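**Q** Mind having a look at this structure? Questions to follow.
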Amino acid sequence: MDLNFTLLHKWDDKTMQITDSILGEMLSIMPIIHMKPEMDYIPDSNDYIAPLYKTAARAGVLSTTGMSTNFIVAVPLKTNKPQAYWIEMGASLLCECVNP
């Protein structure tokens with residue numbers, strides 16, 4: 001993946017966390033995320049666990065495991081707002097978008 005996109009939030013390079021997007025901005029570019037596997041990883045309870053989707057459709061065919069084929073993985077992101085705020089906003093990460 002060359003680019004990741006954020007939907008309904010943006011990445012703040014100064015604070016190294018997600019923050020509200022600019023009014024009227026649906027998508028913004030997210031820095032590439034390096035994921036390092038770790039046994040028994042427990043994310044910080046203050047992080048927002050953002051779903052990463054292939055496309056903005058969010059829907060996909062259900063696989064034999066019952067998971068959407070559009071969903072890739074949950075990504076913990078630093079934030080200064082509660083998880084409930086981002087869930088209500090529908091904030092997510094995307095690998096592909098039509099108009100960044």
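Each chain of the structure tokens is named A, B, ... in the order shown, its residues numbered from 1; ligands are numbered from 1 in display order.
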Determine which residues of chain A DSSP labels as helix (DSSP H, G or I) from the backbone of this structure, then write them out as an MDAnalysis selection string.
**A** chainID A and resid 83:89
**Q** Select, from A:Thr55, A:Cys97, A:Lys78, A:Ile42, the residue with the minimum atom-to-atom distance to Asp13 in chain A, counting only C-alpha atoms.
**A** A:Lys78
**Q** Which residues are close to range 45-53 of chain A, i.e. within 9 Å by only C-alpha atoms, leaving aside same-chain residues fewer than 3 positions away? Reply as number ranges by chain.
**A** A: 18, 42, 56-58, 69-84, 86-87, 91-96
**Q** Have a look at A:Met89, A:Met67, A:Val61, A:Asp12 and name the one nearest to Pro31 in chain A; count only C-alpha atoms.
**A**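 The shortest atom-to-atom distance to Pro31 in chain A comes from A:Asp12.
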